[in-house]
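Visitor: Supplied structure: structure-v4.cif, mmCIF, C-alpha atoms and all ligand atoms.
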data_my_file
loop_
_atom_site.group_PDB
_atom_site.id
_atom_site.type_symbol
_atom_site.label_atom_id
_atom_site.label_comp_id
_atom_site.auth_asym_id
_atom_site.auth_seq_id
_atom_site.Cartn_x
_atom_site.Cartn_y
_atom_site.Cartn_z
ATOM 1 C CA MET A 1172 101.504 113.175 115.835
ATOM 2 C CA ARG A 1173 102.935 115.236 113.019
ATOM 3 C CA LYS A 1174 105.083 118.202 113.740
ATOM 4 C CA ILE A 1175 103.704 121.502 112.614
ATOM 5 C CA LEU A 1176 105.870 122.786 109.799
ATOM 6 C CA PRO A 1177 107.073 126.352 109.792
ATOM 7 C CA ILE A 1178 105.362 128.290 107.030
ATOM 8 C CA PHE A 1179 107.723 129.617 104.424
ATOM 9 C CA ILE A 1180 106.503 132.108 101.916
ATOM 10 C CA ILE A 1181 108.055 131.062 98.659
ATOM 11 C CA PRO A 1182 108.621 133.818 96.134
ATOM 12 C CA ILE A 1183 107.240 132.765 92.783
ATOM 13 C CA LEU A 1184 108.744 134.410 89.742
ATOM 14 C CA ALA A 1185 106.272 135.258 87.033
ATOM 15 C CA SER A 1186 108.694 133.768 84.514
ATOM 16 C CA CYS A 1187 108.438 130.297 86.004
ATOM 17 C CA SER A 1188 105.644 128.903 83.866
ATOM 18 C CA THR A 1189 105.175 125.617 85.739
ATOM 19 C CA LEU A 1190 104.270 127.438 88.913
ATOM 20 C CA GLN A 1191 102.313 130.349 87.515
ATOM 21 C CA SER A 1192 99.024 128.903 88.648
ATOM 22 C CA ILE A 1193 100.094 128.582 92.279
ATOM 23 C CA GLU A 1194 99.368 131.611 94.370
ATOM 24 C CA THR A 1195 102.278 132.601 96.560
ATOM 25 C CA ALA A 1196 100.348 132.812 99.793
ATOM 26 C CA GLU A 1197 98.959 129.300 99.432
ATOM 27 C CA VAL A 1198 102.310 127.548 99.138
ATOM 28 C CA SER A 1199 104.030 126.514 102.344
ATOM 29 C CA GLU A 1200 106.682 124.177 100.965
ATOM 30 C CA VAL A 1201 108.126 123.487 97.513
ATOM 31 C CA LEU A 1202 110.426 120.685 96.391
ATOM 32 C CA THR A 1203 112.033 120.817 92.972
ATOM 33 C CA ALA A 1204 113.787 118.102 90.969
ATOM 34 C CA ASP A 1205 115.681 118.542 87.724
ATOM 35 C CA LEU A 1206 115.305 115.383 85.674
ATOM 36 C CA ALA A 1207 118.301 113.893 83.888
ATOM 37 C CA ARG A 1208 118.598 111.217 81.222
ATOM 38 C CA ALA A 1209 121.032 108.309 81.406
ATOM 39 C CA ASP A 1210 123.558 110.374 79.415
ATOM 40 C CA GLY A 1211 123.332 113.178 81.967
ATOM 41 C CA SER A 1212 121.419 115.611 79.751
ATOM 42 C CA TRP A 1213 118.567 117.675 81.211
ATOM 43 C CA ALA A 1214 115.070 116.420 80.419
ATOM 44 C CA GLY A 1215 112.686 118.508 82.507
ATOM 45 C CA VAL A 1216 111.623 119.526 85.959
ATOM 46 C CA ALA A 1217 109.236 118.270 88.623
ATOM 47 C CA THR A 1218 107.917 120.212 91.588
ATOM 48 C CA ILE A 1219 105.967 119.105 94.627
ATOM 49 C CA SER A 1220 104.086 121.935 96.312
ATOM 50 C CA GLN A 1221 102.455 121.792 99.712
ATOM 51 C CA ARG A 1222 99.394 124.029 99.451
ATOM 52 C CA ARG A 1223 96.442 124.707 101.661
ATOM 53 C CA ASP A 1224 94.277 122.564 99.357
ATOM 54 C CA GLY A 1225 96.691 119.633 99.141
ATOM 55 C CA VAL A 1226 100.048 118.480 97.846
ATOM 56 C CA PHE A 1227 100.534 118.725 94.089
ATOM 57 C CA LEU A 1228 103.078 117.220 91.719
ATOM 58 C CA ILE A 1229 103.682 119.267 88.593
ATOM 59 C CA LEU A 1230 105.821 117.728 85.878
ATOM 60 C CA SER A 1231 107.141 119.068 82.629
ATOM 61 C CA ALA A 1232 109.538 116.726 80.860
ATOM 62 C CA GLN A 1233 110.595 115.411 77.484
ATOM 63 C CA ALA A 1234 110.121 111.723 76.718
ATOM 64 C CA PRO A 1235 112.267 109.784 74.233
ATOM 65 C CA ALA A 1236 109.193 108.856 72.167
ATOM 66 C CA ALA A 1237 105.432 109.151 72.232
ATOM 67 C CA GLY A 1238 104.058 106.652 74.720
ATOM 68 C CA THR A 1239 103.129 105.801 78.277
ATOM 69 C CA TYR A 1240 105.690 105.724 81.040
ATOM 70 C CA GLY A 1241 105.725 104.405 84.589
ATOM 71 C CA MET A 1242 106.478 107.064 87.170
ATOM 72 C CA HIS A 1243 107.259 106.802 90.866
ATOM 73 C CA LEU A 1244 108.695 108.577 93.837
ATOM 74 C CA HIS A 1245 111.769 106.591 94.854
ATOM 75 C CA ALA A 1246 113.171 106.264 98.349
ATOM 76 C CA VAL A 1247 116.666 107.722 97.921
ATOM 77 C CA GLY A 1248 117.593 111.169 96.649
ATOM 78 C CA LYS A 1249 120.465 109.983 94.496
ATOM 79 C CA CYS A 1250 120.438 109.709 90.685
ATOM 80 C CA GLU A 1251 123.614 108.090 89.429
ATOM 81 C CA ALA A 1252 123.585 107.514 85.685
ATOM 82 C CA PRO A 1253 123.241 105.456 83.661
ATOM 83 C CA ASP A 1254 120.843 103.071 85.457
ATOM 84 C CA PHE A 1255 119.725 105.260 88.384
ATOM 85 C CA ALA A 1256 119.690 102.190 90.649
ATOM 86 C CA SER A 1257 121.006 104.548 93.340
ATOM 87 C CA ALA A 1258 117.500 106.003 93.736
ATOM 88 C CA GLY A 1259 116.533 102.791 95.536
ATOM 89 C CA PRO A 1260 113.087 101.189 95.566
ATOM 90 C CA HIS A 1261 109.755 102.968 95.442
ATOM 91 C CA TRP A 1262 109.127 105.206 98.412
ATOM 92 C CA ASN A 1263 107.250 102.870 100.763
ATOM 93 C CA PRO A 1264 107.170 104.011 104.402
ATOM 94 C CA ASP A 1265 104.118 101.813 105.118
ATOM 95 C CA MET A 1266 105.795 98.586 103.878
ATOM 96 C CA LYS A 1267 103.062 97.731 101.380
ATOM 97 C CA GLN A 1268 103.265 95.943 98.052
ATOM 98 C CA HIS A 1269 103.523 97.716 94.736
ATOM 99 C CA GLY A 1270 100.592 98.779 92.683
ATOM 100 C CA ARG A 1271 97.707 101.190 92.589
ATOM 101 C CA GLU A 1272 95.460 98.238 91.668
ATOM 102 C CA ASN A 1273 97.106 95.713 93.996
ATOM 103 C CA PRO A 1274 94.760 94.788 96.891
ATOM 104 C CA THR A 1275 97.777 94.735 99.228
ATOM 105 C CA GLY A 1276 99.226 97.934 97.792
ATOM 106 C CA ALA A 1277 100.222 100.521 97.238
ATOM 107 C CA HIS A 1278 103.547 102.222 97.831
ATOM 108 C CA ASP A 1279 103.260 105.880 98.737
ATOM 109 C CA GLY A 1280 105.549 106.467 95.756
ATOM 110 C CA ASP A 1281 103.257 104.801 93.210
ATOM 111 C CA LEU A 1282 102.061 107.438 90.756
ATOM 112 C CA PRO A 1283 99.849 107.248 87.679
ATOM 113 C CA ASN A 1284 101.526 106.590 84.343
ATOM 114 C CA ALA A 1285 102.689 109.626 82.399
ATOM 115 C CA ASN A 1286 101.783 110.130 78.750
ATOM 116 C CA ALA A 1287 103.764 111.785 75.985
ATOM 117 C CA GLY A 1288 102.202 112.666 72.642
ATOM 118 C CA ALA A 1289 103.814 113.250 69.278
ATOM 119 C CA ASP A 1290 105.520 116.371 70.628
ATOM 120 C CA LEU A 1291 107.281 114.109 73.188
ATOM 121 C CA LYS A 1292 106.125 116.351 76.018
ATOM 122 C CA ILE A 1293 104.988 115.018 79.364
ATOM 123 C CA THR A 1294 102.968 117.712 81.107
ATOM 124 C CA LEU A 1295 100.923 116.843 84.140
ATOM 125 C CA LYS A 1296 99.564 118.079 87.429
ATOM 126 C CA TYR A 1297 98.570 115.474 89.977
ATOM 127 C CA LYS A 1298 97.266 115.720 93.527
ATOM 128 C CA LEU A 1299 99.258 113.499 95.876
ATOM 129 C CA THR A 1300 97.180 111.984 98.665
ATOM 130 C CA ASP A 1301 98.457 110.586 101.971
ATOM 131 C CA ILE A 1302 101.862 112.117 101.449
ATOM 132 C CA THR A 1303 104.177 113.489 104.113
ATOM 133 C CA LEU A 1304 107.069 115.570 102.854
ATOM 134 C CA SER A 1305 109.096 116.233 106.022
ATOM 135 C CA GLY A 1306 110.104 114.291 109.112
ATOM 136 C CA PRO A 1307 111.459 110.747 109.564
ATOM 137 C CA THR A 1308 108.658 109.110 107.558
ATOM 138 C CA GLY A 1309 108.443 111.877 104.980
ATOM 139 C CA LEU A 1310 109.700 111.823 101.416
ATOM 140 C CA MET A 1311 112.493 114.208 102.431
ATOM 141 C CA ASP A 1312 113.812 111.953 105.192
ATOM 142 C CA ALA A 1313 117.534 111.550 105.919
ATOM 143 C CA ASP A 1314 118.312 110.060 102.487
ATOM 144 C CA GLY A 1315 115.912 112.285 100.553
ATOM 145 C CA GLY A 1316 113.767 111.243 97.629
ATOM 146 C CA ALA A 1317 113.684 111.178 93.826
ATOM 147 C CA LEU A 1318 111.263 111.107 90.915
ATOM 148 C CA VAL A 1319 111.955 108.313 88.426
ATOM 149 C CA ILE A 1320 110.352 107.764 85.024
ATOM 150 C CA HIS A 1321 110.618 104.314 83.460
ATOM 151 C CA GLU A 1322 110.843 103.056 79.881
ATOM 152 C CA LYS A 1323 107.470 101.248 79.985
ATOM 153 C CA ALA A 1324 104.026 101.724 81.491
ATOM 154 C CA ASP A 1325 103.451 100.552 85.054
ATOM 155 C CA ASP A 1326 100.891 97.710 85.110
ATOM 156 C CA TYR A 1327 99.751 98.928 88.576
ATOM 157 C CA LYS A 1328 99.870 95.375 89.949
ATOM 158 C CA THR A 1329 103.187 93.563 89.761
ATOM 159 C CA ASP A 1330 105.359 93.814 92.846
ATOM 160 C CA PRO A 1331 107.804 95.489 93.287
ATOM 161 C CA SER A 1332 107.856 97.856 90.319
ATOM 162 C CA GLY A 1333 104.919 97.218 87.981
ATOM 163 C CA ASN A 1334 107.007 95.732 85.159
ATOM 164 C CA SER A 1335 107.928 99.230 84.135
ATOM 165 C CA GLY A 1336 111.422 98.358 82.962
ATOM 166 C CA LYS A 1337 114.521 100.490 82.996
ATOM 167 C CA ARG A 1338 114.786 103.854 84.704
ATOM 168 C CA ILE A 1339 115.183 106.460 81.975
ATOM 169 C CA LEU A 1340 114.777 109.803 83.788
ATOM 170 C CA CYS A 1341 115.715 110.620 87.357
ATOM 171 C CA GLY A 1342 115.646 113.761 89.492
ATOM 172 C CA VAL A 1343 116.585 114.407 93.111
ATOM 173 C CA PHE A 1344 114.135 116.543 95.086
ATOM 174 C CA LYS A 1345 115.597 119.631 96.729
ATOM 175 C CA SER A 1346 113.883 122.120 98.968
ATOM 176 C CA GLY A 1347 112.970 125.356 97.274
ATOM 177 C CA ASN A 1348 111.879 126.731 93.971
ATOM 178 C CA ARG A 1349 114.542 126.282 91.313
ATOM 179 C CA SER A 1350 113.618 129.440 89.388
HETATM 180 CU CU CU B 1401 110.138 103.798 89.592
HETATM 181 ZN ZN ZN B 1402 105.623 100.874 93.790
#
Go ahead and express the file in the form of structure tokens.

Guide:
Amino acid sequence: MRKILPIFIIPILASCSTLQSIETAEVSEVLTADLARADGSWAGVATISQRRDGVFLILSAQAPAAGTYGMHLHAVGKCEAPDFASAGPHWNPDMKQHGRENPTGAHDGDLPNANAGADLKITLKYKLTDITLSGPTGLMDADGGALVIHEKADDYKTDPSGNSGKRILCGVFKSGNRS
């Protein structure tokens, strides 16, 4: 039985472009993660918003090159450069195997690959299903959670990480709207 979360009304500043489309009254919880590169420089921001119509991930980040990149929620809210191993494995409260196309998968943290075009921008909005943000089995459990983007595309099958290679961007989720 899930606990009922208190409803927080999050003020949304008109200047925060990534959240402009979210109406204030619909948002009950927001998590924000600033993404860093291995050299510590800032590379973008991710938000997860709990709304009446679902939980949405919104990402705006800069990739190192045009291409397709594996992307996951990782189990630990710690991003220590340069390898970001501190973020732990994929968030997997149900103890499944990796992969959106794996018959014995998937991890709750397995997300679709992110694409960057010639402008190097990754811009996406994705509805997260079967996700719990708070509580002992939620993403924001005692050790928190992180968003990690990898150097290669996730093949959606290979356990435990889809052959997606090194971790190139990492951000720790924090409660609240960063703006
Ligand atoms: Cu990952
Ligand atoms: Zn996974």

Visitor: Which one of A:Gln1221, A:Thr1303, A:Thr1329, A:Ser1212 sits closest to ligand ZN 1402 (chain B) if you count only C-alpha atoms and all ligand atoms?

Guide: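 Checking each of A:Gln1221, A:Thr1303, A:Thr1329, A:Ser1212 against ligand ZN 1402 (chain B), counting only C-alpha atoms and all ligand atoms, the winner is A:Thr1329.
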
Visitor: Please extract the residues at most 7 Å from ligand CU 1401 (chain B), counting all atoms listed in the file, and provide them as a PDB file with C-alpha atoms, keeping the file's coordinate frame, using the chain letters and residue numbers of this document.

Guide:
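After the write, part-v6.pdb holds the following:
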ATOM      1  CA  GLY A1241     105.725 104.405  84.589  1.00  0.00           C
ATOM      2  CA  MET A1242     106.478 107.064  87.170  1.00  0.00           C
ATOM      3  CA  HIS A1243     107.259 106.802  90.866  1.00  0.00           C
ATOM      4  CA  LEU A1244     108.695 108.577  93.837  1.00  0.00           C
ATOM      5  CA  HIS A1245     111.769 106.591  94.854  1.00  0.00           C
ATOM      6  CA  HIS A1261     109.755 102.968  95.442  1.00  0.00           C
ATOM      7  CA  VAL A1319     111.955 108.313  88.426  1.00  0.00           C
ATOM      8  CA  ILE A1320     110.352 107.764  85.024  1.00  0.00           C
ATOM      9  CA  HIS A1321     110.618 104.314  83.460  1.00  0.00           C
ATOM     10  CA  SER A1332     107.856  97.856  90.319  1.00  0.00           C
ATOM     11  CA  ARG A1338     114.786 103.854  84.704  1.00  0.00           C
TER      12      ARG A1338
END

Visitor: Which residues, written as a PyMOL selection string, have at least one atom at most 9 Å from Gly1238 of chain A, with only C-alpha atoms counted and residues fewer than 5 positions away on the same chain left out?

Guide: chain A and resi 1285-1289+1291+1323-1324

Visitor: Given the file shown, enumerate the residues that the PyMOL selection byres (((not hetatm)) within 7 of (chain B and resi 1402)) captures and present them as a list in words.

Guide: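 After applying the PyMOL selection byres (((not hetatm)) within 7 of (chain B and resi 1402)), what remains is His1243, His1261, Gln1268, His1269, Gly1270, Ala1277, His1278, Gly1280, Asp1281, Pro1331, Ser1332 and Gly1333 of chain A.
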
Visitor: In terms of the shortest atom-to-atom distance over all atoms listed in the file, which of A:Met1311, A:Leu1202, A:Ala1209, A:Leu1228 is closest to Phe1255 of chain A?

Guide: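 Using all atoms listed in the file, Phe1255 of chain A sits closest to A:Ala1209.
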
Visitor: May I have the residues within 9 Å of Arg1223 of chain A as a CSV table (one decimal) with C-alpha atoms, keeping the file's coordinate frame, using all atoms listed in the file and disregarding those fewer than 2 positions away in the same chain?

Guide:
chain,number,residue,atom,x,y,z
A,1197,GLU,CA,99.0,129.3,99.4
A,1198,VAL,CA,102.3,127.5,99.1
A,1199,SER,CA,104.0,126.5,102.3
A,1221,GLN,CA,102.5,121.8,99.7
A,1225,GLY,CA,96.7,119.6,99.1
A,1226,VAL,CA,100.0,118.5,97.8

Visitor: Enter the distance from atom CA of Asp1224 of chain A to atom CA of Lys1328 of chain A, in Å, rounded to one decimal.

Guide: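 Spanning atom CA of Asp1224 of chain A to atom CA of Lys1328 of chain A is a straight-line distance of 29.3 Å.
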
Visitor: Taking all atoms listed in the file into account, name the residue in A:Leu1340, A:Ile1219, A:Leu1282, A:Leu1310 that is nearest to Asp1325 of chain A.

Guide: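 Checking each of A:Leu1340, A:Ile1219, A:Leu1282, A:Leu1310 against Asp1325 of chain A, counting all atoms listed in the file, the winner is A:Leu1282.
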
Visitor: Could you jot down the atom CA of Glu1322 of chain A to atom CA of Asn1273 of chain A separation for me, Å, one decimal place?

Guide: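 Between these atoms lies a distance of 21.0 Å.
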
Visitor: Would you please work out which residue, of A:Asp1330, A:Asp1312, A:Asp1265, A:Asp1254, is nearest to Asp1279 of chain A when using only C-alpha atoms?

Guide: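 Closest candidate: A:Asp1265.
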
Visitor: When you count only C-alpha atoms, which of these residues is closest to Asp1301 of chain A: A:Ile1339, A:Phe1227, A:Thr1203, A:Ala1236?

Guide: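 When distances to Asp1301 of chain A are compared using only C-alpha atoms, the smallest one comes from A:Phe1227.
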